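A.B. asks: Handing you a structure now.
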2 protein chains.
Amino acid sequence: MLTVVSIVGAGPGAPDLLTVRAVRRLAHADVVFYDGLVPAEMLAEFAPRARHICVSRRPGMSRVSPTEAAALMIEAAKAGEQVVRLRAGDPFVLARGAEELLTLVAAGVSFDLVPGLTSALAAATLTGIPLTHRGVSSAVVIVSGHAAEAYTPVLESLLPASATLVVLMGLAERDHISAALLARGWPGTTPLAIVTSASQPTERIYRTTLGRVAVDIAGLSAEDPGVIIIGEVVDVGVTLARAMTSRNEDILQEVAWQR
Amino acid sequence: MLTVVSIVGAGPGAPDLLTVRAVRRLAHADVVFYDGLVPAEMLAEFAPRARHICVSRRPGMSRVSPTEAAALMIEAAKAGEQVVRLRAGDPFVLARGAEELLTLVAAGVSFDLVPGLTSALAAATLTGIPLTHRGVSSAVVIVSGHAAEAYTPVLESLLPASATLVVLMGLAERDHISAALLARGWPGTTPLAIVTSASQPTERIYRTTLGRVAVDIAGLSAEDPGVIIIGEVVDVGVTLARAMTSRNEDILQEVAWQR
């Protein structure tokens with residue numbers, strides 16, 4: 001018998017932004033190992049009968065370490081249970097999914113992968129910002145903002161305004177990141193948007209410029225999951241957002257742009 | 001009454017990689033305007049009762065020009081019909097979605113946006129290639145490969161191996177793109193994978209290196225929709241792919257890696 005774990009992307013958070021394939025995997029699951037960023041409503045709606053085990057890396061959120069989580073997944077899969085590992089966003093985009101997977105593979109577990117919407121891209125689309133736009137940008141750079149050694153090689157290498165820049169997990173480092181780009185020659189007037197909790201009821205959008213982010217966004221908690229979008233496309237998004245309705249189910253509601 | 005068009009991302013092609021939200025929009029649609037890359041099965045399964053109008057830009061695939069398509073969408077929406085514009089991938093990632101949308105907005109149409117899986121990322125996850133991986137890459141660059149003026153600014157700017165590079169719509173330009181990267185100093189041994197028709201029954205994976213792509217992949221048609229993935233993470237994907245099952249519905253099947 002093949003021992004299989006399904007590695008499933010959960011998307012940015014709204015339960016209806018799961019793919020149909022992800023919903024089917026969850027429906028057949030006996031046990032779901034999920035990140036701290038996966039909302040409880042998603043599990044309640046799509047995997048109500050499965051056991052749910054939180055394996056967040058965030059301090060205080062989980063009583064299960066990554067090593068213990070891998071051992072539990074292997075044990076469940078070898079016992080013939082349908083195991084789903086549900087990861088916020090996409091399992092392979094800045095999620096350290098492959099590290100965990102190599103542990104499973106070394107233990108003889110096979111897997112299948114279900115891609116999910118990464119908030120790096122979905123945060124922009126959901127708020128009306130086209131990451132590429134003719135004559136403005138034909139490239140997108142997605143970078144982890146959690147530590148200087150992760151983002152410095154790319155930020156120092158990119159020519160100013162040669163691409164739209166999307167920084168994930170970078171709210172705590174936003175002042176250092178903007179300073180690095182200004183030092184590299186990016187104009188201080190480059191538009192910048194921050195989207196927090198994309199697709200969730202608490203979603204907020206903040207808009208400013210590269211030169212003013214340190215002042216304008218000073219109050220924003222660095223603990224929130226958020227995406228920073230940098231480039232002229234942010235201004236195209238402003239034009240579009242005026243005509244945008246945020247339709248969750250059948251509720252029509254104007255999108256609020258702070259600042 | 002609010003005149004609304006739903007702009008919906010269709011994902012890479014497999015119908016079950018639509019999001020739940022996209023399925024709901026299609027279920028309520030009176031008319032669906034779809035790209036040439038959207039497979040017919042998707043419309044048959046999820047919007048069987050709606051009118052389907054192809055608005056491909058590809059020569060010969062559609063009798064409707066982009067200008068006519070916009071006029072038809074505006075007319076249908078103003079007549080109170082539920083209009084869905086279904087776009088391959090994500091509407092705002094290298095899809096020229098905002099251009100079309102600005103035309104609709106200028107005519108007084110409001111819209112909502114449903115993000116979709118772009119094949120730029122999904123092609124990698126579906127085939128087991130982690131676009132980021134600890135100690136290997138913490139950034140992803142997505143660039144349009146359809147014309148030199150689109151990709152040159154970014155390719156010339158990026159320091160060799162500072163990020164995983166994903167080129168969409170670049171099969172026709174693959175020799176120019178690899179030559180540009182080699183000239184920029186990227187090692188010829190850098191692993192490179194090409195994924196065509198990701199998620200579809202005709203999906204194929206080709207693997208070689210930056211220095212050998214012109215020779216090894218000489219036979220591949222430039223007409224196919226394909227994604228080029230360049231970086232050391234491709235080799236991590238090889239390790240993982242050995243333990244990977246490609247489960248479409250309940251069929252377990254080994255993933256075939258050509259070359």
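Naming works like this for the structure tokens: A, B, ... for the chains as they're shown, residue 1 at the start of each chain, ligands 1 onward in shown order.
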Please identify every residue of chain B that has at least one atom no farther than 6 Å from an atom of chain A, counting only C-alpha atoms, and for each give the shortest atom pair and the distance in Å to one decimal, arranged by chain then increasing number, as a Markdown table.
C.D. replies:
```
| residue | atom | partner | partner_atom | distance |
| --- | --- | --- | --- | --- |
| B:Asp16 | CA | A:Val20 | CA | 4.9 |
| B:Leu17 | CA | A:Thr19 | CA | 5.2 |
| B:Leu18 | CA | A:Thr19 | CA | 5.4 |
| B:Thr19 | CA | A:Thr19 | CA | 3.9 |
| B:Val20 | CA | A:Asp16 | CA | 4.9 |
| B:Arg21 | CA | A:Asp16 | CA | 5.1 |
| B:Phe92 | CA | A:Pro130 | CA | 4.7 |
| B:Val93 | CA | A:Thr132 | CA | 5.8 |
| B:Leu94 | CA | A:Thr132 | CA | 5.6 |
| B:Ser110 | CA | A:Ala243 | CA | 4.8 |
| B:Phe111 | CA | A:Met244 | CA | 5.1 |
| B:Asp112 | CA | A:Thr245 | CA | 5.2 |
| B:Pro115 | CA | A:Ala122 | CA | 5.8 |
| B:Leu117 | CA | A:Leu117 | CA | 5.8 |
| B:Ala122 | CA | A:Pro115 | CA | 5.8 |
| B:Thr125 | CA | A:Pro115 | CA | 5.8 |
| B:Pro130 | CA | A:Phe92 | CA | 4.7 |
| B:Leu131 | CA | A:Val93 | CA | 5.9 |
| B:Thr132 | CA | A:Leu94 | CA | 5.6 |
| B:Ser138 | CA | A:Ala150 | CA | 5.7 |
| B:Ala139 | CA | A:Val143 | CA | 4.3 |
| B:Val140 | CA | A:Ile142 | CA | 5.1 |
| B:Val141 | CA | A:Val141 | CA | 4.4 |
| B:Ile142 | CA | A:Val140 | CA | 5.1 |
| B:Val143 | CA | A:Ala139 | CA | 4.3 |
| B:Ser144 | CA | A:Ser138 | CA | 6.0 |
| B:Ala150 | CA | A:Ser138 | CA | 5.7 |
| B:Pro153 | CA | A:Ser162 | CA | 5.8 |
| B:Val154 | CA | A:Ser162 | CA | 5.7 |
| B:Ser157 | CA | A:Leu158 | CA | 5.3 |
| B:Leu158 | CA | A:Ser157 | CA | 5.3 |
| B:Leu159 | CA | A:Ser157 | CA | 5.4 |
| B:Ser162 | CA | A:Val154 | CA | 5.7 |
| B:Ala243 | CA | A:Ser110 | CA | 4.8 |
| B:Met244 | CA | A:Phe111 | CA | 5.1 |
| B:Thr245 | CA | A:Asp112 | CA | 5.2 |
| B:Ser246 | CA | A:Asp112 | CA | 5.9 |
```
A.B. asks: Can you tell me which residues surround Ala218 in chain A at a distance of at most 12 Å, considering only C-alpha atoms, apart from same-chain residues fewer than 6 positions away, and format the answer as a PDB file with all heavy atoms, in the first residue's frame?
C.D. replies:
```pdb
ATOM      1  N   LEU A 171       6.578  43.075   7.126  1.00  0.00           N
ATOM      2  CA  LEU A 171       6.089  44.263   7.837  1.00  0.00           C
ATOM      3  C   LEU A 171       7.078  44.744   8.903  1.00  0.00           C
ATOM      4  O   LEU A 171       7.283  45.940   9.063  1.00  0.00           O
ATOM      5  CB  LEU A 171       4.713  44.004   8.460  1.00  0.00           C
ATOM      6  CG  LEU A 171       3.541  43.872   7.476  1.00  0.00           C
ATOM      7  CD1 LEU A 171       2.215  44.068   8.182  1.00  0.00           C
ATOM      8  CD2 LEU A 171       3.663  44.877   6.329  1.00  0.00           C
ATOM      9  N   ALA A 172       7.714  43.798   9.590  1.00  0.00           N
ATOM     10  CA  ALA A 172       8.648  44.194  10.648  1.00  0.00           C
ATOM     11  C   ALA A 172       9.890  44.873  10.075  1.00  0.00           C
ATOM     12  O   ALA A 172      10.516  45.711  10.729  1.00  0.00           O
ATOM     13  CB  ALA A 172       9.050  42.969  11.474  1.00  0.00           C
ATOM     14  N   GLU A 173      10.239  44.534   8.851  1.00  0.00           N
ATOM     15  CA  GLU A 173      11.466  45.051   8.234  1.00  0.00           C
ATOM     16  C   GLU A 173      11.187  46.186   7.247  1.00  0.00           C
ATOM     17  O   GLU A 173      12.070  46.560   6.469  1.00  0.00           O
ATOM     18  CB  GLU A 173      12.171  43.907   7.487  1.00  0.00           C
ATOM     19  CG  GLU A 173      12.723  42.811   8.373  1.00  0.00           C
ATOM     20  CD  GLU A 173      14.029  43.214   9.051  1.00  0.00           C
ATOM     21  OE1 GLU A 173      14.927  43.708   8.352  1.00  0.00           O
ATOM     22  OE2 GLU A 173      14.124  43.054  10.286  1.00  0.00           O
ATOM     23  N   ARG A 174       9.936  46.708   7.229  1.00  0.00           N
ATOM     24  CA  ARG A 174       9.565  47.613   6.137  1.00  0.00           C
ATOM     25  C   ARG A 174      10.450  48.856   6.050  1.00  0.00           C
ATOM     26  O   ARG A 174      10.738  49.329   4.954  1.00  0.00           O
ATOM     27  CB  ARG A 174       8.093  47.988   6.229  1.00  0.00           C
ATOM     28  CG  ARG A 174       7.689  48.741   7.483  1.00  0.00           C
ATOM     29  CD  ARG A 174       6.173  48.892   7.544  1.00  0.00           C
ATOM     30  NE  ARG A 174       5.716  49.659   8.680  1.00  0.00           N
ATOM     31  CZ  ARG A 174       5.323  49.122   9.841  1.00  0.00           C
ATOM     32  NH1 ARG A 174       5.356  47.821  10.016  1.00  0.00           N
ATOM     33  NH2 ARG A 174       4.914  49.887  10.830  1.00  0.00           N
ATOM     34  N   ASP A 175      10.903  49.379   7.179  1.00  0.00           N
ATOM     35  CA  ASP A 175      11.746  50.567   7.120  1.00  0.00           C
ATOM     36  C   ASP A 175      13.126  50.247   6.532  1.00  0.00           C
ATOM     37  O   ASP A 175      13.671  51.023   5.742  1.00  0.00           O
ATOM     38  CB  ASP A 175      11.891  51.198   8.507  1.00  0.00           C
ATOM     39  CG  ASP A 175      10.556  51.739   9.019  1.00  0.00           C
ATOM     40  OD1 ASP A 175       9.571  51.720   8.242  1.00  0.00           O
ATOM     41  OD2 ASP A 175      10.493  52.155  10.181  1.00  0.00           O
ATOM     42  N   TYR A 206      -3.328  49.922   2.954  1.00  0.00           N
ATOM     43  CA  TYR A 206      -2.689  51.195   3.251  1.00  0.00           C
ATOM     44  C   TYR A 206      -1.881  51.588   2.034  1.00  0.00           C
ATOM     45  O   TYR A 206      -1.228  50.746   1.426  1.00  0.00           O
ATOM     46  CB  TYR A 206      -1.758  51.062   4.454  1.00  0.00           C
ATOM     47  CG  TYR A 206      -2.432  50.508   5.682  1.00  0.00           C
ATOM     48  CD1 TYR A 206      -2.565  49.137   5.852  1.00  0.00           C
ATOM     49  CD2 TYR A 206      -2.946  51.356   6.664  1.00  0.00           C
ATOM     50  CE1 TYR A 206      -3.201  48.614   6.967  1.00  0.00           C
ATOM     51  CE2 TYR A 206      -3.576  50.844   7.786  1.00  0.00           C
ATOM     52  CZ  TYR A 206      -3.701  49.471   7.935  1.00  0.00           C
ATOM     53  OH  TYR A 206      -4.321  48.954   9.027  1.00  0.00           O
ATOM     54  N   THR A 208       0.875  54.483   0.318  1.00  0.00           N
ATOM     55  CA  THR A 208       1.766  55.616   0.514  1.00  0.00           C
ATOM     56  C   THR A 208       2.842  55.537  -0.574  1.00  0.00           C
ATOM     57  O   THR A 208       2.559  55.026  -1.663  1.00  0.00           O
ATOM     58  CB  THR A 208       2.362  55.619   1.945  1.00  0.00           C
ATOM     59  OG1 THR A 208       3.275  56.694   2.072  1.00  0.00           O
ATOM     60  CG2 THR A 208       3.055  54.306   2.301  1.00  0.00           C
ATOM     61  N   ARG A 212       7.836  57.676   1.966  1.00  0.00           N
ATOM     62  CA  ARG A 212       7.052  58.096   3.122  1.00  0.00           C
ATOM     63  C   ARG A 212       6.561  56.934   3.987  1.00  0.00           C
ATOM     64  O   ARG A 212       5.891  57.157   5.003  1.00  0.00           O
ATOM     65  CB  ARG A 212       5.838  58.931   2.680  1.00  0.00           C
ATOM     66  CG  ARG A 212       6.219  60.292   2.096  1.00  0.00           C
ATOM     67  CD  ARG A 212       4.990  61.192   1.977  1.00  0.00           C
ATOM     68  NE  ARG A 212       4.220  61.257   3.198  1.00  0.00           N
ATOM     69  CZ  ARG A 212       4.468  62.089   4.212  1.00  0.00           C
ATOM     70  NH1 ARG A 212       5.478  62.938   4.146  1.00  0.00           N
ATOM     71  NH2 ARG A 212       3.706  62.063   5.297  1.00  0.00           N
TER      72      ARG A 212
END
```
A.B. asks: Which of range 3-192 of chain B counts as helix (DSSP H, G or I) under DSSP, as number ranges by chain please?
C.D. replies: B: 15-17, 20-27, 40-46, 66-78, 97-106, 119-126, 148-157, 174-184
A.B. asks: Suppose you want the space between CA of Pro191 in chain B and CA of Glu232 in chain B; what is it in Å?
C.D. replies: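 Rounded to one decimal, the two atoms are 5.7 Å apart.
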A.B. asks: Quick one: residues within 10 Å of Thr67 in chain B, only C-alpha atoms counted, chain neighbours fewer than 6 positions away excluded, as an MDAnalysis selection string?
C.D. replies: chainID B and resid 55 100 103
A.B. asks: What does the distance from CA of Pro225 in chain B to CA of Ser178 in chain B come to in Å, to one decimal?
C.D. replies: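 Between CA of Pro225 in chain B and CA of Ser178 in chain B the gap works out to 18.1 Å.
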A.B. asks: Choose the residue, out of A:Ala179, A:Val234, A:Met73, A:Val8, that has the smallest atom-to-atom separation from Ala214 in chain A; count only C-alpha atoms.
C.D. replies: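 Selected residue with least distance to Ala214 in chain A: A:Ala179.
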A.B. asks: What does the structure give for the distance between CA of Lys78 in chain B and CA of Cys54 in chain B, in Å to one decimal?
C.D. replies: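 Taking CA of Lys78 in chain B and CA of Cys54 in chain B, their separation equals 19.9 Å.
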A.B. asks: Considering only C-alpha atoms, state which residue in the set B:Gly36, B:Gly226, B:Pro66, B:Gly219 is at the smallest distance from Ser197 in chain B.
C.D. replies: B:Gly226
A.B. asks: If we count only C-alpha atoms and set the cut-off at 6 Å, which residues sit around range 185-190 of chain A, ignoring sequence neighbours fewer than 6 positions away in its own chain? Please answer as a list of chain:residue names.
C.D. replies: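 The filter keeps A:Pro160, A:Thr209, A:Leu210, A:Gly211, A:Gly231.
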A.B. asks: Could you pull out the residues in range 36-242 of chain B that DSSP calls strand (DSSP E) from the backbone, as an MDAnalysis selection string?
C.D. replies: chainID B and resid 51:54 83:87 110:114 139:144 164:168 191:196 204:209 226:230
A.B. asks: Using only C-alpha atoms, find the one residue out of A:Gly80, A:Pro39, A:Gly170, A:Pro48 that sits nearest to Pro12 in chain A.
C.D. replies: A:Pro39
